[in-house]
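Enquirer: See data-v3.cif below, with mmCIF, C-alpha atoms.
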data_query
loop_
_atom_site.label_atom_id
_atom_site.label_comp_id
_atom_site.auth_asym_id
_atom_site.auth_seq_id
_atom_site.Cartn_x
_atom_site.Cartn_y
_atom_site.Cartn_z
CA MET A 1 -9.98 23.26 5.77
CA PRO A 2 -7.10 20.84 6.51
CA LEU A 3 -7.82 17.14 6.39
CA GLU A 4 -7.74 15.09 9.56
CA PRO A 5 -4.76 12.71 9.73
CA LEU A 6 -5.55 9.11 8.87
CA PRO A 7 -5.12 6.87 11.90
CA LEU A 8 -2.92 3.90 11.00
CA ASP A 9 -2.57 0.90 13.28
CA ALA A 10 0.85 -0.22 14.48
CA ASN A 11 1.88 -3.46 12.75
CA GLY A 12 -0.62 -2.88 9.95
CA LEU A 13 0.31 -3.52 6.33
CA TYR A 14 -1.54 -1.10 4.08
CA ILE A 15 -1.94 -0.37 0.40
CA LEU A 16 -1.70 3.40 -0.09
CA LEU A 17 -3.16 5.21 -3.08
CA GLU A 18 -2.04 8.78 -3.61
CA ASN A 19 -3.48 11.56 -5.71
CA ILE A 20 -1.39 12.31 -8.81
CA GLY A 21 -3.86 14.79 -10.26
CA TYR A 22 -6.18 12.50 -12.23
CA GLU A 23 -9.46 11.03 -11.04
CA ASN A 24 -8.78 7.42 -11.97
CA SER A 25 -4.99 7.31 -11.84
CA PHE A 26 -3.08 6.90 -8.60
CA HIS A 27 0.35 6.21 -7.19
CA TRP A 28 0.37 2.84 -5.43
CA GLY A 29 2.59 1.73 -2.56
CA PHE A 30 2.76 -0.44 0.52
CA TYR A 31 3.02 1.03 3.99
CA LEU A 32 4.14 -1.09 6.95
CA ALA A 33 3.33 0.73 10.18
CA THR A 34 5.98 0.00 12.79
CA SER A 35 4.11 2.23 15.27
CA SER A 36 1.03 4.45 15.16
CA SER A 37 3.13 7.26 13.65
CA ASP A 38 6.16 5.64 11.95
CA GLY A 39 6.61 3.05 9.25
CA TYR A 40 8.07 2.06 5.91
CA ILE A 41 6.79 3.22 2.55
CA ILE A 42 7.70 0.53 0.03
CA HIS A 43 6.98 1.28 -3.62
CA MET A 44 8.23 1.77 -7.14
CA THR A 45 8.85 5.31 -8.40
CA TYR A 46 9.37 6.46 -11.96
CA ASN A 47 12.64 8.25 -12.67
CA GLU A 48 12.10 10.49 -15.67
CA ALA A 49 15.84 11.08 -16.16
CA THR A 50 16.53 7.37 -16.63
CA THR A 51 13.01 6.44 -17.82
CA ALA A 52 13.07 3.54 -15.39
CA TRP A 53 11.02 2.39 -12.43
CA ILE A 54 13.10 2.38 -9.23
CA PHE A 55 12.37 0.42 -6.06
CA GLU A 56 12.22 2.64 -3.00
CA GLU A 57 11.91 1.79 0.67
CA LYS A 58 12.02 4.57 3.22
CA LEU A 59 11.26 5.03 6.88
CA THR A 60 8.82 7.88 7.35
CA SER A 61 6.79 9.59 10.04
CA ASP A 62 3.16 10.62 9.93
CA VAL A 63 2.26 9.26 6.50
CA GLY A 64 -1.35 9.70 7.61
CA ASN A 65 -0.84 13.48 7.37
CA SER A 66 0.15 13.44 3.69
CA PRO A 67 -2.17 15.74 1.72
CA SER A 68 -1.85 13.54 -1.39
CA LEU A 69 -2.96 10.36 0.41
CA LEU A 70 -6.45 9.31 -0.73
CA VAL A 71 -6.83 5.91 0.90
CA ALA A 72 -4.98 3.47 3.13
CA VAL A 73 -6.42 -0.04 2.86
CA LYS A 74 -5.29 -2.39 5.60
CA ILE A 75 -4.56 -5.82 4.20
CA ALA A 76 -2.74 -7.56 7.06
CA VAL A 77 -1.31 -7.37 10.55
CA VAL A 78 2.40 -8.20 10.61
CA GLU A 79 3.96 -9.16 13.93
CA GLN A 80 7.03 -7.11 14.83
CA THR A 81 9.26 -10.17 14.66
CA LEU A 82 8.28 -10.69 11.00
CA GLN A 83 8.38 -7.09 9.77
CA HIS A 84 12.06 -7.15 8.76
CA HIS A 85 11.46 -10.37 6.79
CA LEU A 86 8.45 -8.89 5.00
CA VAL A 87 10.35 -5.74 4.00
CA SER A 88 13.26 -7.90 2.83
CA ARG A 89 10.86 -10.04 0.78
CA LEU A 90 9.37 -6.96 -0.86
CA ARG A 91 12.89 -5.83 -1.83
CA SER A 92 13.19 -8.99 -3.92
CA ALA A 93 9.67 -8.90 -5.44
CA ASN A 94 9.70 -9.27 -9.22
CA ARG A 95 10.56 -5.96 -10.89
CA HIS A 96 10.84 -7.38 -14.40
CA LEU A 97 7.20 -7.31 -15.40
CA PRO A 98 6.31 -6.65 -19.05
CA ALA A 99 4.38 -3.46 -18.23
CA LEU A 100 6.01 -2.34 -14.99
CA THR A 101 4.26 0.43 -13.05
CA CYS A 102 3.85 1.12 -9.35
CA ARG A 103 0.46 -0.65 -9.52
CA THR A 104 1.57 -3.73 -11.46
CA TRP A 105 4.58 -4.20 -9.16
CA LEU A 106 2.41 -3.86 -6.04
CA MET A 107 -0.25 -6.26 -7.32
CA ASN A 108 2.39 -8.83 -8.27
CA ALA A 109 4.10 -8.42 -4.88
CA LEU A 110 0.72 -8.78 -3.13
CA LYS A 111 0.14 -12.11 -4.90
CA GLU A 112 3.67 -13.26 -3.99
CA LEU A 113 3.14 -12.35 -0.31
CA ASP A 114 -0.14 -14.29 -0.28
CA ASP A 115 1.30 -17.31 -2.13
CA GLU A 116 4.26 -17.48 0.27
CA GLY A 117 2.17 -17.11 3.44
CA TYR A 118 3.36 -13.68 4.56
CA ILE A 119 -0.27 -12.56 4.41
CA SER A 120 -3.54 -14.44 3.93
CA LEU A 121 -6.08 -13.06 1.49
CA ILE A 122 -9.64 -14.40 1.42
CA LYS A 123 -10.18 -13.63 -2.28
CA SER A 124 -7.88 -12.47 -5.04
CA ALA A 125 -5.43 -9.61 -5.20
CA ARG A 126 -7.49 -8.39 -8.17
CA PHE A 127 -10.52 -8.01 -5.87
CA ILE A 128 -8.47 -5.90 -3.43
CA GLU A 129 -7.27 -3.81 -6.36
CA GLY A 130 -10.90 -3.02 -7.22
CA GLU A 131 -11.65 -2.06 -3.61
CA CYS A 132 -8.66 0.28 -3.55
CA ILE A 133 -9.54 1.94 -6.86
CA GLN A 134 -13.17 2.44 -5.86
CA ALA A 135 -12.26 3.98 -2.49
CA ALA A 136 -9.57 6.25 -3.97
CA ALA A 137 -11.82 7.45 -6.82
CA THR A 138 -14.62 8.23 -4.36
CA ASN A 139 -12.23 10.11 -2.08
CA TYR A 140 -10.73 12.00 -5.02
CA ARG A 141 -14.17 13.27 -6.04
CA SER A 142 -15.24 14.16 -2.48
CA ARG A 143 -11.80 15.49 -1.47
CA ALA A 144 -11.85 13.14 1.50
CA ARG A 145 -9.52 10.46 2.80
CA LEU A 146 -10.20 7.04 4.23
CA GLN A 147 -8.44 4.34 6.19
CA THR A 148 -10.24 1.06 5.85
CA ALA A 149 -9.61 -2.64 6.09
CA SER A 150 -10.08 -4.67 2.95
CA SER A 151 -13.11 -6.94 3.05
CA GLN A 152 -10.58 -9.59 2.02
CA PHE A 153 -8.40 -9.00 5.09
CA LYS A 154 -8.37 -12.23 7.05
CA THR A 155 -8.31 -11.70 10.79
CA PHE A 156 -7.17 -14.48 13.04
CA VAL A 157 -8.81 -15.11 16.41
CA ASN A 158 -6.91 -17.20 18.94
#
Show me the file's structure as structure tokens.
Expert:
Amino acid sequence: MPLEPLPLDANGLYILLENIGYENSFHWGFYLATSSSDGYIIHMTYNEATTAWIFEEKLTSDVGNSPSLLVAVKIAVVEQTLQHHLVSRLRSANRHLPALTCRTWLMNALKELDDEGYISLIKSARFIEGECIQAAATNYRSRARLQTASSQFKTFVN
């Protein structure tokens, strides 16, 4: 039976974890939804030919329909006027980490975004990492998918 598409909110910044065939190992990336169906996937991918991690940013449609997507954890709402700046900032996030992977790059970039005020986390990036891993592992075992907001996602009320 096909999975239902994950609904993703326009202007939401998500952490995506994708199935790579192992229960506790995932591909990590950011997704910035520019509308309910379109947005930017921003992540590091491993190039086996060059044995290097490569930054990739691509506009995509219907990421919520991806069969490999296990979880989308909403971590922020980004106003349209700031989306270009956030994507630009992620382009320059540190890629020279001692043990670079898609996860270590994303976690480092998440800390940088919080430190610089692009997003506002209630607790640590490490806590959000644990939430993401737990949700993805559960979904992997149950063959389900989930869109959720991190418990550390700070909502602002005017």
Enquirer: Let me make sure I understand: among A:Ile42, A:Leu121, A:Leu90, A:Cys102, which one has the smallest atom-to-atom distance to Glu57 of chain A if we use all atoms listed in the file?
Expert: A:Ile42
Enquirer: Could you give me the centre and size, in Å to one decimal, of an axis-aligned box around all listed atoms of segment 95-100 of chain A with 5 Å added on every side, as AutoDock Vina command-line options?
Expert:
--center_x 7.6 --center_y -4.9 --center_z -15.0 --size_x 16.5 --size_y 15.0 --size_z 18.2
Enquirer: For Tyr31 of chain A, which of A:Glu129, A:Asp115, A:Glu48, A:Glu18 is the closest residue, counting all atoms listed in the file?
Expert: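 Result for the nearest residue to Tyr31 of chain A: A:Glu18.
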Enquirer: Expand the PyMOL selection byres ((chain A and resi 105) around 10) into the explicit residue set it covers here, and present it as an MDAnalysis selection string.
Expert: chainID A and resid 28:29 43:44 53 55 90 93:97 99:104 106:110
Enquirer: Mind writing the picked residues with C-alpha atoms as a compact mmCIF listing (two decimals), keeping the file's coordinate frame?
Expert:
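Below is the file again_16.txt, written as the result:
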# COMPACT_ATOMS: atom_id res chain seq x y z
CA TRP A 28 0.37 2.84 -5.43
CA GLY A 29 2.59 1.73 -2.56
CA HIS A 43 6.98 1.28 -3.62
CA MET A 44 8.23 1.77 -7.14
CA TRP A 53 11.02 2.39 -12.43
CA PHE A 55 12.37 0.42 -6.06
CA LEU A 90 9.37 -6.96 -0.86
CA ALA A 93 9.67 -8.90 -5.44
CA ASN A 94 9.70 -9.27 -9.22
CA ARG A 95 10.56 -5.96 -10.89
CA HIS A 96 10.84 -7.38 -14.40
CA LEU A 97 7.20 -7.31 -15.40
CA ALA A 99 4.38 -3.46 -18.23
CA LEU A 100 6.01 -2.34 -14.99
CA THR A 101 4.26 0.43 -13.05
CA CYS A 102 3.85 1.12 -9.35
CA ARG A 103 0.46 -0.65 -9.52
CA THR A 104 1.57 -3.73 -11.46
CA LEU A 106 2.41 -3.86 -6.04
CA MET A 107 -0.25 -6.26 -7.32
CA ASN A 108 2.39 -8.83 -8.27
CA ALA A 109 4.10 -8.42 -4.88
CA LEU A 110 0.72 -8.78 -3.13
Enquirer: Between atom CA of Glu79 of chain A and atom CA of Asn11 of chain A, what is the distance, to one decimal in Å?
Expert: 6.2 Å
Enquirer: Using only C-alpha atoms, find the one residue out of A:Tyr40, A:Tyr140, A:Tyr22, A:Tyr14 that sits nearest to Ile119 of chain A.
Expert: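 Between A:Tyr40, A:Tyr140, A:Tyr22, A:Tyr14, the residue approaching Ile119 of chain A most closely is A:Tyr14.
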Enquirer: Go through A:Asn19, A:Ile122, A:Leu32, A:Ile133 and flag the residue nearest Lys74 of chain A, using all atoms listed in the file for the distances.
Expert: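 Under the stated criterion, the closest residue is A:Leu32.
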Enquirer: Fewer than 4 positions away in the same chain doesn't count, so skip those; otherwise give me all residues within 10 Å of Leu82 of chain A, counting all atoms listed in the file, as a list in words.
Expert: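 Answer for this query is Asn11, Val78, Leu86, Val87, Ser88 and Tyr118 of chain A.
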Enquirer: What would the selection look like, as a PyMOL selection string, if the PyMOL selection byres ((chain A and resi 20) around 12) were run on the coordinates I just shared?
Expert: chain A and resi 17-19+21-28+67-70+136-137+140
Enquirer: Report the distance between atom CA of Ile15 of chain A and atom CA of Ile128 of chain A in Å, rounded to one decimal place.
Expert: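 These two atoms are separated by 9.4 Å.
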Enquirer: One decimal, Å: what's the distance from atom CA of Ala33 of chain A over to atom CA of Asp114 of chain A, could you say?
Expert: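 One can read the atom CA of Ala33 of chain A to atom CA of Asp114 of chain A distance as 18.6 Å.
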